[in-house]
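Coordinates as given in run-v9.txt (compact mmCIF, C-alpha atoms):
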# COMPACT_ATOMS: atom_id res chain seq x y z
CA SER A 1 -65.99 184.64 16.70
CA ARG A 2 -63.26 187.01 15.62
CA ALA A 3 -62.81 188.61 19.05
CA SER A 4 -62.38 185.26 20.82
CA ARG A 5 -59.85 184.05 18.22
CA LYS A 6 -57.85 187.25 18.71
CA ARG A 7 -57.96 186.65 22.45
CA GLU A 8 -56.67 183.11 21.97
CA CYS A 9 -53.75 184.46 19.96
CA ARG A 10 -52.88 186.87 22.74
CA ILE A 11 -53.01 184.02 25.26
CA MET A 12 -50.64 181.98 23.12
CA ALA A 13 -48.36 185.00 22.79
CA THR A 14 -47.97 185.23 26.54
CA VAL A 15 -47.02 181.56 26.82
CA SER A 16 -43.34 182.21 27.29
CA VAL A 17 -43.78 185.04 29.78
CA CYS A 18 -46.31 183.38 32.07
CA GLN A 19 -43.42 181.75 33.88
CA TYR A 20 -41.01 183.74 36.00
CA HIS A 21 -38.25 185.08 33.77
CA ARG A 22 -34.96 184.23 35.45
CA GLY A 23 -31.62 185.77 34.51
CA GLY A 24 -28.38 183.91 33.86
CA PHE A 25 -27.47 181.37 31.21
CA SER A 26 -30.25 180.40 28.83
CA PHE A 27 -30.14 176.93 27.31
CA GLU A 28 -32.93 177.54 24.80
CA ASN A 29 -30.76 177.34 21.73
CA CYS A 30 -28.68 174.29 22.69
CA LYS A 31 -30.78 171.78 20.75
CA ARG A 32 -30.95 174.09 17.75
CA ASN A 33 -27.18 174.56 17.86
CA ALA A 34 -26.59 170.82 18.03
CA LEU A 35 -28.77 170.32 14.93
CA LEU A 36 -27.02 173.14 13.07
CA GLU A 37 -23.62 171.74 13.99
CA ALA A 38 -24.60 168.30 12.68
CA ASP A 39 -25.85 169.84 9.42
CA ILE A 40 -22.72 171.91 8.93
CA ASN A 41 -20.47 168.93 9.59
CA LYS A 42 -22.42 166.89 7.06
CA LEU A 43 -21.64 169.52 4.42
CA GLY A 44 -17.97 169.33 5.33
CA PHE A 45 -17.49 172.74 6.97
CA SER A 46 -16.64 173.44 10.58
CA SER A 47 -18.25 175.95 12.90
CA PRO A 48 -16.11 178.95 13.98
CA ALA A 49 -13.91 178.32 17.01
CA ALA A 50 -14.04 180.44 20.16
CA ARG A 51 -11.10 182.74 20.69
CA LYS A 52 -8.68 181.05 23.08
CA THR A 53 -5.58 182.33 24.72
CA GLY A 54 -3.26 179.43 23.90
CA THR A 55 -0.96 180.77 26.44
CA THR A 56 1.93 180.71 28.75
CA ILE A 57 1.17 182.17 32.16
CA CYS A 58 3.16 181.65 35.31
CA GLY A 59 3.76 183.01 38.76
CA VAL A 60 6.43 182.78 41.43
CA VAL A 61 6.60 183.75 45.10
CA TYR A 62 9.79 185.57 46.06
CA LYS A 63 11.09 187.23 49.19
CA ASP A 64 8.81 190.28 49.34
CA GLY A 65 5.85 189.23 47.23
CA VAL A 66 4.65 187.65 44.01
CA VAL A 67 5.70 188.01 40.35
CA LEU A 68 3.11 187.10 37.70
CA GLY A 69 4.02 186.76 34.03
CA ALA A 70 2.10 186.21 30.80
CA ASP A 71 2.61 186.28 27.04
CA THR A 72 0.32 188.40 24.84
CA ARG A 73 -1.02 186.27 22.00
CA ALA A 74 -4.69 185.37 21.54
CA THR A 75 -5.56 182.73 18.94
CA GLU A 76 -8.73 181.87 17.05
CA GLY A 77 -8.14 178.33 15.86
CA MET A 78 -4.90 178.48 13.88
CA VAL A 79 -4.94 182.27 13.38
CA VAL A 80 -3.58 184.89 15.75
CA ALA A 81 -6.54 187.04 16.72
CA ASP A 82 -4.77 189.55 18.96
CA LYS A 83 -1.03 190.22 18.86
CA ASN A 84 -0.98 192.19 22.07
CA CYS A 85 -3.76 191.21 24.43
CA SER A 86 -3.60 191.72 28.14
CA LYS A 87 -3.82 188.49 30.13
CA ILE A 88 -3.06 189.79 33.60
CA HIS A 89 -6.41 190.91 35.00
CA TYR A 90 -7.08 193.15 37.97
CA ILE A 91 -8.95 191.53 40.83
CA SER A 92 -8.27 193.97 43.66
CA PRO A 93 -5.52 196.50 44.46
CA ASN A 94 -3.38 193.76 45.97
CA VAL A 95 -4.50 190.72 43.92
CA TYR A 96 -3.99 190.10 40.21
CA CYS A 97 -4.93 187.08 38.11
CA CYS A 98 -3.53 185.68 34.85
CA GLY A 99 -6.01 183.84 32.65
CA ALA A 100 -5.58 181.03 30.12
CA GLY A 101 -8.27 179.18 28.17
CA THR A 102 -11.27 180.77 26.47
CA ALA A 103 -10.56 184.52 26.46
CA ALA A 104 -14.16 185.60 27.09
CA ASP A 105 -14.51 183.20 30.01
CA THR A 106 -11.37 184.44 31.75
CA GLU A 107 -12.36 188.08 31.20
CA MET A 108 -15.89 187.77 32.54
CA THR A 109 -14.97 185.46 35.41
CA THR A 110 -12.21 187.73 36.66
CA GLN A 111 -14.43 190.80 36.32
CA ILE A 112 -17.27 189.17 38.26
CA ILE A 113 -14.94 188.01 41.02
CA SER A 114 -13.31 191.44 41.11
CA SER A 115 -16.72 193.08 41.65
CA ASN A 116 -17.70 190.54 44.29
CA LEU A 117 -14.40 191.01 46.11
CA GLU A 118 -14.85 194.78 46.08
CA LEU A 119 -18.35 194.48 47.59
CA HIS A 120 -17.05 191.95 50.12
CA SER A 121 -14.16 194.18 51.18
CA LEU A 122 -16.53 197.16 51.54
CA SER A 123 -18.70 194.98 53.72
CA THR A 124 -15.84 193.74 55.93
CA GLY A 125 -13.90 197.02 55.85
CA ARG A 126 -10.60 195.21 55.23
CA LEU A 127 -8.23 194.67 52.33
CA PRO A 128 -9.32 191.45 50.56
CA ARG A 129 -7.30 188.28 50.92
CA VAL A 130 -6.02 186.06 48.12
CA ALA A 131 -7.67 183.03 49.74
CA THR A 132 -11.07 184.75 49.44
CA ALA A 133 -10.63 185.32 45.73
CA ASN A 134 -9.46 181.73 45.36
CA ARG A 135 -12.51 180.37 47.18
CA MET A 136 -14.92 182.50 45.13
CA LEU A 137 -13.32 181.48 41.82
CA LYS A 138 -13.22 177.82 42.77
CA GLN A 139 -16.88 177.72 43.79
CA MET A 140 -18.03 179.47 40.63
CA LEU A 141 -15.99 177.25 38.31
CA PHE A 142 -17.17 174.09 40.07
CA ARG A 143 -20.79 175.21 39.77
CA TYR A 144 -20.41 175.27 35.97
CA GLN A 145 -18.62 171.90 35.90
CA GLY A 146 -15.77 172.97 33.64
CA TYR A 147 -17.95 174.46 30.90
CA ILE A 148 -16.42 177.82 31.71
CA GLY A 149 -12.95 177.26 30.24
CA ALA A 150 -10.85 179.44 32.49
CA ALA A 151 -7.49 178.25 33.84
CA LEU A 152 -6.14 180.93 36.17
CA VAL A 153 -3.01 181.83 38.07
CA LEU A 154 -4.03 183.97 41.03
CA GLY A 155 -1.44 185.86 43.03
CA GLY A 156 -1.30 188.63 45.55
CA VAL A 157 -0.06 189.94 48.86
CA ASP A 158 -2.40 190.41 51.81
CA CYS A 159 -2.10 190.78 55.58
CA THR A 160 -0.96 187.14 55.91
CA GLY A 161 1.82 187.42 53.32
CA PRO A 162 2.31 186.60 49.62
CA HIS A 163 0.20 183.79 48.14
CA LEU A 164 0.00 182.09 44.76
CA TYR A 165 -2.75 179.75 43.56
CA SER A 166 -3.44 177.92 40.31
CA ILE A 167 -7.10 177.29 39.49
CA TYR A 168 -8.24 174.74 36.90
CA PRO A 169 -11.43 175.00 34.80
CA HIS A 170 -13.23 172.31 36.79
CA GLY A 171 -12.66 174.07 40.07
CA SER A 172 -9.63 172.41 41.65
CA THR A 173 -6.93 174.67 43.06
CA ASP A 174 -3.31 174.29 44.12
CA LYS A 175 -1.40 176.54 46.47
CA LEU A 176 2.26 176.45 45.44
CA PRO A 177 5.37 178.63 45.42
CA TYR A 178 5.62 178.52 41.61
CA VAL A 179 2.92 177.63 39.04
CA THR A 180 2.48 177.64 35.27
CA MET A 181 -0.68 177.24 33.16
CA GLY A 182 -1.66 177.24 29.51
CA SER A 183 -0.40 175.44 26.43
CA GLY A 184 3.17 176.62 27.06
CA SER A 185 3.09 175.57 30.69
CA LEU A 186 5.46 172.65 30.25
CA ALA A 187 8.14 174.83 28.67
CA ALA A 188 7.79 177.41 31.44
CA MET A 189 7.73 174.77 34.16
CA ALA A 190 10.98 173.32 32.83
CA VAL A 191 12.67 176.69 33.40
CA PHE A 192 11.15 176.98 36.88
CA GLU A 193 12.16 173.49 37.93
CA ASP A 194 15.72 174.24 36.90
CA ARG A 195 16.24 177.65 38.46
CA TYR A 196 13.68 178.21 41.23
CA ARG A 197 14.90 178.61 44.79
CA PRO A 198 12.99 179.95 47.82
CA ASN A 199 13.33 183.61 48.93
CA MET A 200 14.77 185.05 45.73
CA GLU A 201 15.46 188.74 45.26
CA GLU A 202 13.14 190.81 43.06
CA GLU A 203 15.48 191.13 40.06
CA GLU A 204 16.24 187.43 40.07
CA ALA A 205 12.53 186.56 40.31
CA LYS A 206 11.67 188.91 37.41
CA ARG A 207 14.46 187.39 35.31
CA LEU A 208 13.22 183.88 36.10
CA VAL A 209 9.62 184.66 35.12
CA ARG A 210 10.76 186.47 31.98
CA ASP A 211 12.83 183.46 30.93
CA ALA A 212 10.01 181.05 31.67
CA ILE A 213 7.53 183.01 29.53
CA ALA A 214 10.16 183.35 26.79
CA ALA A 215 10.57 179.55 26.82
CA GLY A 216 6.82 179.25 26.31
CA ILE A 217 6.78 181.88 23.56
CA PHE A 218 9.57 180.35 21.53
CA ASN A 219 8.61 176.69 21.95
CA ASP A 220 4.80 176.78 21.84
CA LEU A 221 2.76 177.85 18.82
CA GLY A 222 -0.11 179.10 20.93
CA SER A 223 2.01 181.68 22.77
CA GLY A 224 3.85 184.60 21.31
CA SER A 225 4.54 188.33 21.05
CA ASN A 226 5.54 190.21 24.19
CA ILE A 227 6.06 189.37 27.85
CA ASP A 228 3.95 191.13 30.47
CA LEU A 229 5.03 191.14 34.09
CA CYS A 230 3.21 192.09 37.28
CA VAL A 231 5.20 192.48 40.50
CA ILE A 232 3.02 192.62 43.62
CA THR A 233 4.50 193.57 46.96
CA LYS A 234 2.97 194.80 50.19
CA GLY A 235 1.47 198.18 49.30
CA LYS A 236 2.84 198.41 45.73
CA VAL A 237 1.98 196.86 42.35
CA ASP A 238 4.24 197.20 39.28
CA TYR A 239 2.31 196.36 36.13
CA LEU A 240 5.03 196.16 33.44
CA ARG A 241 3.34 196.00 30.08
CA PRO A 242 5.35 195.20 28.03
CA HIS A 243 8.26 194.14 30.12
CA ASP A 244 10.06 192.58 27.19
CA VAL A 245 9.27 192.77 23.48
CA ALA A 246 10.61 189.33 22.60
CA ASN A 247 9.23 189.29 19.07
CA LYS A 248 9.78 192.57 17.28
CA LYS A 249 8.06 192.88 13.91
CA GLY A 250 10.67 193.22 11.17
CA VAL A 251 11.20 196.39 9.12
CA ARG A 252 10.98 196.10 5.35
CA THR A 253 14.39 196.58 3.70
CA GLY A 254 13.24 197.10 0.11
CA ASN A 255 10.37 198.66 -1.84
CA TYR A 256 8.66 197.41 -5.00
CA ARG A 257 7.34 200.84 -6.06
CA TYR A 258 8.82 202.11 -9.31
CA LYS A 259 10.13 205.68 -9.47
CA HIS A 260 8.48 208.29 -11.72
CA GLY A 261 10.10 208.18 -15.13
CA THR A 262 10.94 204.46 -15.11
CA THR A 263 8.74 204.03 -18.17
CA GLY A 264 9.48 206.58 -20.89
CA VAL A 265 6.47 208.63 -22.17
CA LEU A 266 6.24 208.66 -26.01
CA ALA A 267 3.05 210.65 -26.70
CA LYS A 268 0.30 212.34 -24.68
CA THR A 269 -3.34 213.20 -25.69
CA VAL A 270 -5.88 214.91 -23.40
CA THR A 271 -9.64 214.58 -24.16
CA PRO A 272 -11.94 216.60 -21.89
CA LEU A 273 -15.25 214.91 -20.95
CA ASN A 274 -18.13 217.41 -21.17
CA LEU A 275 -20.69 216.44 -18.58
CA GLU A 276 -23.94 218.39 -18.29
CA VAL A 277 -25.85 218.56 -15.02
CA VAL A 278 -29.26 216.92 -15.56
CA GLU A 279 -30.72 216.99 -12.05
CA GLU A 280 -29.57 218.35 -8.72
CA ASN A 281 -30.95 216.84 -5.55
CA VAL A 282 -30.14 218.25 -2.10
CA GLN A 283 -30.85 216.05 0.93
CA THR A 284 -30.37 217.79 4.26
CA MET A 285 -28.77 215.71 7.03
CA ASP A 286 -30.83 215.30 10.17
CA THR A 287 -28.46 216.51 12.85
CA SER A 288 -31.09 216.95 15.58
CA MET B 289 -20.01 183.37 48.82
CA ASN B 290 -20.87 179.90 49.99
CA THR B 291 -19.70 179.37 53.54
CA ARG B 292 -21.70 176.29 54.55
CA GLY B 293 -20.01 172.92 54.76
CA LEU B 294 -21.28 170.12 52.62
CA ARG B 295 -20.32 166.99 54.54
CA SER B 296 -23.29 167.05 56.86
CA GLN B 297 -25.69 167.35 53.94
CA LEU B 298 -24.85 164.07 52.24
CA LYS B 299 -27.66 162.19 53.92
CA ASP B 300 -30.24 164.90 53.17
CA SER B 301 -29.78 164.55 49.41
CA VAL B 302 -31.99 167.00 47.56
CA PRO B 303 -34.27 165.50 44.89
CA VAL B 304 -33.77 167.39 41.68
CA THR B 305 -36.97 168.41 39.93
CA GLY B 306 -37.03 167.24 36.35
CA LEU B 307 -37.68 169.02 33.11
CA CYS B 308 -41.39 168.18 32.97
CA PRO B 309 -43.42 171.36 32.67
CA GLN B 310 -46.11 171.90 35.24
CA ALA B 311 -49.44 170.24 34.58
CA GLY B 312 -52.39 172.49 33.95
CA PRO B 313 -55.61 172.49 35.97
CA TYR B 314 -56.79 169.23 34.40
CA GLY B 315 -53.60 167.27 35.00
CA VAL B 316 -52.24 167.39 31.46
CA GLN B 317 -50.01 169.82 29.58
CA ASP B 318 -51.85 173.08 29.05
CA SER B 319 -51.18 173.50 25.32
CA LEU B 320 -52.93 176.84 25.05
CA ARG B 321 -50.78 178.54 27.65
CA ARG B 322 -47.49 176.69 27.54
CA GLY B 323 -47.24 175.50 23.96
CA PHE B 324 -46.73 172.04 22.57
CA SER B 325 -44.80 169.41 24.48
CA SER B 326 -42.56 166.63 23.22
CA VAL B 327 -41.33 163.59 25.12
CA LYS B 328 -37.72 164.18 24.10
CA ASN B 329 -37.78 167.73 25.47
CA GLU B 330 -39.10 166.49 28.78
CA LEU B 331 -36.78 163.53 29.30
CA LEU B 332 -33.40 164.76 28.04
CA PRO B 333 -31.88 168.09 29.04
CA SER B 334 -30.50 170.07 26.11
CA HIS B 335 -27.35 170.81 28.10
CA PRO B 336 -25.80 168.92 31.04
CA LEU B 337 -25.96 172.08 33.15
CA GLU B 338 -29.61 172.83 32.44
CA LEU B 339 -31.08 170.90 35.36
CA SER B 340 -28.49 171.93 37.92
CA GLU B 341 -28.79 175.58 36.94
CA LYS B 342 -32.58 175.52 37.04
CA ASN B 343 -32.53 174.29 40.63
CA PHE B 344 -29.37 175.97 41.83
CA GLN B 345 -30.94 178.63 44.05
CA LEU B 346 -33.41 176.13 45.44
CA ASN B 347 -30.64 173.68 46.35
CA GLN B 348 -28.54 176.40 47.93
CA ASP B 349 -31.48 177.47 50.08
CA LYS B 350 -32.22 173.89 51.15
CA MET B 351 -28.57 173.29 52.01
CA ASN B 352 -28.39 176.47 54.05
CA PHE B 353 -31.58 175.64 55.90
CA ASN B 354 -30.31 172.16 56.71
CA THR B 355 -27.04 173.52 58.08
CA LEU B 356 -28.95 176.10 60.10
CA ARG B 357 -31.21 173.39 61.49
CA ASN B 358 -28.23 171.27 62.50
CA ILE B 359 -26.53 174.17 64.24
CA GLN B 360 -29.35 176.12 65.85
CA GLY B 361 -32.31 173.77 65.97
CA LEU B 362 -35.59 173.54 64.10
CA HIS B 363 -36.88 176.98 65.04
CA ALA B 364 -34.24 178.87 63.06
CA PRO B 365 -35.08 177.63 59.55
CA LEU B 366 -38.80 177.75 60.33
CA LYS B 367 -38.67 181.43 61.24
CA LEU B 368 -36.47 182.21 58.27
CA GLN B 369 -38.73 180.36 55.87
CA MET B 370 -41.68 182.35 57.13
CA GLU B 371 -39.76 185.53 56.39
CA TYR B 372 -38.88 184.22 52.93
CA ARG B 373 -42.54 183.52 52.27
CA ALA B 374 -43.50 187.02 53.31
CA ALA B 375 -40.72 188.60 51.23
CA ARG B 376 -41.67 186.55 48.19
CA GLN B 377 -45.10 188.16 48.19
CA ILE B 378 -43.71 191.65 47.68
CA GLN B 379 -44.05 191.87 43.91
CA ARG B 380 -45.06 194.43 41.32
CA LEU B 381 -47.88 193.79 38.85
CA PRO B 382 -47.50 190.45 37.03
CA PHE B 383 -46.24 191.88 33.74
CA LEU B 384 -43.60 194.16 35.31
CA PRO B 385 -40.20 192.95 36.54
CA SER B 386 -39.87 192.89 40.32
CA SER B 387 -36.65 193.74 42.11
CA ASN B 388 -37.10 191.12 44.88
CA LEU B 389 -34.95 193.31 47.12
CA ALA B 390 -36.26 191.93 50.41
CA LEU B 391 -35.74 188.36 49.23
CA ASP B 392 -32.21 189.17 48.07
CA THR B 393 -31.38 190.79 51.39
CA LEU B 394 -32.62 187.74 53.30
CA ARG B 395 -30.62 185.39 51.10
CA GLY B 396 -27.51 187.55 51.27
CA THR B 397 -27.28 187.87 47.49
CA ASP B 398 -27.83 191.64 47.57
CA ASP B 399 -24.07 192.21 47.72
CA THR B 400 -22.97 189.56 45.25
CA ILE B 401 -22.88 189.67 41.46
CA GLY B 402 -23.31 186.55 39.39
CA PHE B 403 -24.16 185.62 35.83
CA GLU B 404 -27.86 185.99 36.62
CA ASP B 405 -27.31 189.74 37.07
CA ILE B 406 -25.32 190.21 33.89
CA LEU B 407 -26.82 187.83 31.34
CA ASN B 408 -30.51 187.86 30.45
CA ASP B 409 -31.46 190.43 33.06
CA PRO B 410 -35.30 190.34 33.23
CA VAL B 411 -35.32 194.15 33.57
CA LEU B 412 -33.76 194.45 30.11
CA SER B 413 -36.03 191.87 28.49
CA GLU B 414 -37.29 192.93 25.04
CA VAL B 415 -40.66 191.20 25.30
CA MET B 416 -43.41 191.81 27.78
CA GLY B 417 -46.54 189.83 28.34
CA ASP B 418 -49.88 191.37 27.53
CA PRO B 419 -50.90 193.20 30.76
CA HIS B 420 -54.58 192.25 30.64
CA ILE B 421 -53.99 188.57 29.98
CA MET B 422 -51.27 188.28 32.62
CA THR B 423 -53.27 190.00 35.33
CA GLU B 424 -56.29 187.84 34.58
CA TYR B 425 -54.09 184.73 34.66
CA LYS B 426 -52.63 185.77 38.00
CA LEU B 427 -56.06 186.39 39.49
CA GLY B 428 -57.34 183.11 38.11
CA VAL B 429 -60.11 184.78 36.16
CA LEU B 430 -58.82 183.60 32.77
Would you mind writing the file's structure down as C-alpha cells?
Amino acid sequence: SRASRKRECRIMATVSVCQYHRGGFSFENCKRNALLEADINKLGFSSPAARKTGTTICGVVYKDGVVLGADTRATEGMVVADKNCSKIHYISPNVYCCGAGTAADTEMTTQIISSNLELHSLSTGRLPRVATANRMLKQMLFRYQGYIGAALVLGGVDCTGPHLYSIYPHGSTDKLPYVTMGSGSLAAMAVFEDRYRPNMEEEEAKRLVRDAIAAGIFNDLGSGSNIDLCVITKGKVDYLRPHDVANKKGVRTGNYRYKHGTTGVLAKTVTPLNLEVVEENVQTMDTS
Amino acid sequence: MNTRGLRSQLKDSVPVTGLCPQAGPYGVQDSLRRGFSSVKNELLPSHPLELSEKNFQLNQDKMNFNTLRNIQGLHAPLKLQMEYRAARQIQRLPFLPSSNLALDTLRGTDDTIGFEDILNDPVLSEVMGDPHIMTEYKLGVL
C-alpha cells in the first residue's frame, strides 16, 4: 500500500545515519575521486594541484636561544600563489614552528598542536617544553603515515634550554643544532655547513640564518620574496616580519599613456539622445 | 598524548576488523537498511588509511589496557572496562548527537583536540535520521 511504501523510503533514507556518525577524515569520496582523476587524465587535462610552500626554512641554536628563518613564497604548481605568506607559526609563547610542504597541512597541524599544548600546559601548570610539542607532532604525523605533507622545523626555549628539532612528514624527527627543510634546504644547508660554529652571538646567528634563506631564495625556484626571522630567547620572542626584503618589486620607469592633445581635433559634432521614461520600478531593499 | 610504550605490545597484536559491513539479523547484508553491497567495496579500502583510521580509537584503547594489565595486574583493566561500559550507555535519543563527555573523560581525550573534533563534527551534521524510524530501530521494534 502507499503508506508502507512511504515507510520503506524513510527506512532507506536513514540507512546512512543508522550507524554512529564519527568525526574526522571521511574517505567516502576517494573512489569517486580516483575515477574522476582517471577520466580527466584520459582527456589530457590535469587536476588542480594543492598549494605547496616550496620553501626554504631553517633554524639554528646560538648562545642564548634559537633563531628560526623562512622565506615567504607559496606556490600552486608553477604559479606563485602568495608573495608574502607567513611560514613561521605560533605554537606556544616560547615555541615557534616553521612549516614546509602542503600549506594547509602545516597550518592545521601547527594550530592543532598549539591548542593541545595550551590545554596540556594549563593542565600541568607549567610552561610547555619543546620536546612535548615534538612528541605530539611526531605521533600525529606517524598516525597519518605521511599523507599529511608537513615538514616542520620546531624551535624554542624552555626550562631545560634552547632546542631545535626537524620533523619529516612520515613522523621521524632529528634533534640538531642547525636544520634546514624544504625545496631550498640544500642551498641553505650549504651556507650552514660553511659558517656554523657553536655558541654564536645573536647578531652573527641572525646574519647566518638570513644568508642561508637568501641562498635558498636566489637558487631555488620554489622559494622567494622576503626573509622572515624569529629569534626566541628565554622570556622574549622577536618575530621580525619582514627581516629582509630581498626581492623588491621594481618601479615602472615609463608610461604608455598619451597626453591630451597628442591627436589633433579637426571637427566636433554633438547629437543629444532623447530618451523617454517608459516605466519606473522601485524595489525597496530588505535591510531588516 | 600517547604515553604508553609499544614494545611490550608486539606479541598482543590487535586483529584489525575489515571493511565488511555488519550482517543483518538473518546473516546476510541488510539491503533495506544499509544499502547495496559490492565485493570490491568490501575487500579493498578506498584509501590506505581507511582501515587504520576506522579502528584507531579501538586499537589505542586495547594498547592502553594491555599496558595497564602488564603494570598493575588484571583487575585494573577489568574495572576500567566496566566504567567504560557504563559511560558508553549515557546517550541522548538515537537521532540526536551525544557529547560522550563521561567516556571522553575516562579516555583522557577531553583535553585534547584532534581532527575528529574539527572535521565532520557530528554536532554540525546537515542530515538527521528520521526520529521515529531511528527510535524504533534502536528499540528493535522495526
Checklist line | d(CA of Leu141 in chain A, CA of His170 in chain A) in Å | finding: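 That distance, rounded to one decimal, is 5.9 Å.
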Checklist line | Nearest residue to chain B from the set A:Ser225, A:Gln139, A:Thr56, A:Thr253 (distances using all atoms listed in the file) | finding: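 Between A:Ser225, A:Gln139, A:Thr56, A:Thr253, the residue approaching chain B most closely is A:Gln139.
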Note to self: Show me, as a VMD selection string, the residues that have an atom within 6 Å of His89 in chain A when counting all atoms listed in the file, minus same-chain residues fewer than 4 positions from it.
What the structure shows: chain A and resid 96 to 98
Next item on the list: Return the single residue from A:Ser92, A:Asn274, A:Thr102, A:Thr109 that is closest to Thr132 in chain A, with distances computed using all atoms listed in the file.
Entry: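 Among the listed residues, the smallest separation from Thr132 in chain A belongs to A:Ser92.
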Just give me the residues with any atom within 10 Å of (-31.9, 172.0, 29.7), file coordinates, counting all atoms listed in the file, written as an mmCIF file with C-alpha atoms, in the frame of the given file.
data_model
loop_
_atom_site.group_PDB
_atom_site.id
_atom_site.type_symbol
_atom_site.label_atom_id
_atom_site.label_comp_id
_atom_site.auth_asym_id
_atom_site.auth_seq_id
_atom_site.Cartn_x
_atom_site.Cartn_y
_atom_site.Cartn_z
ATOM 1 C CA SER A 26 -30.250 180.400 28.830
ATOM 2 C CA PHE A 27 -30.140 176.930 27.310
ATOM 3 C CA GLU A 28 -32.930 177.540 24.800
ATOM 4 C CA ASN A 29 -30.760 177.340 21.730
ATOM 5 C CA CYS A 30 -28.680 174.290 22.690
ATOM 6 C CA LYS A 31 -30.780 171.780 20.750
ATOM 7 C CA GLY B 306 -37.030 167.240 36.350
ATOM 8 C CA LEU B 307 -37.680 169.020 33.110
ATOM 9 C CA ASN B 329 -37.780 167.730 25.470
ATOM 10 C CA GLU B 330 -39.100 166.490 28.780
ATOM 11 C CA LEU B 331 -36.780 163.530 29.300
ATOM 12 C CA LEU B 332 -33.400 164.760 28.040
ATOM 13 C CA PRO B 333 -31.880 168.090 29.040
ATOM 14 C CA SER B 334 -30.500 170.070 26.110
ATOM 15 C CA HIS B 335 -27.350 170.810 28.100
ATOM 16 C CA PRO B 336 -25.800 168.920 31.040
ATOM 17 C CA LEU B 337 -25.960 172.080 33.150
ATOM 18 C CA GLU B 338 -29.610 172.830 32.440
ATOM 19 C CA LEU B 339 -31.080 170.900 35.360
ATOM 20 C CA SER B 340 -28.490 171.930 37.920
ATOM 21 C CA GLU B 341 -28.790 175.580 36.940
ATOM 22 C CA LYS B 342 -32.580 175.520 37.040
#
Next item on the list: Within 8 Å of Leu186 in chain A, counting all atoms listed in the file, which residues show up once you throw out same-chain ones fewer than 4 positions away? Write them as a PyMOL selection string, please.
Entry: chain A and resi 180+190+216
Note to self: Report, in Å with one decimal, the straight-line distance from CA of Pro177 in chain A to CA of Val61 in chain A.
What the structure shows: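 Interatomic distance here is 5.3 Å.
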Next item on the list: Mind checking which residues fall within 8 Å of Asn94 in chain A, counting all atoms listed in the file, ignoring those fewer than 6 positions away in the same chain, and posting them as a PyMOL selection string?
Entry: chain A and resi 128+156-158+232-237
Note to self: One number please: CA of Tyr239 in chain A to CA of Ala70 in chain A, in Å, one decimal.
What the structure shows: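 Straight-line distance from CA of Tyr239 in chain A to CA of Ala70 in chain A works out to 11.5 Å.
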Margin query: Please determine, counting only C-alpha atoms, which residue among A:Val277, A:Cys159, A:Ala81, A:Ile88 has the shortest atom-to-atom distance to Asp238 in chain A.
Written below: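 With only C-alpha atoms as the atom set, the closest residue is A:Ile88.
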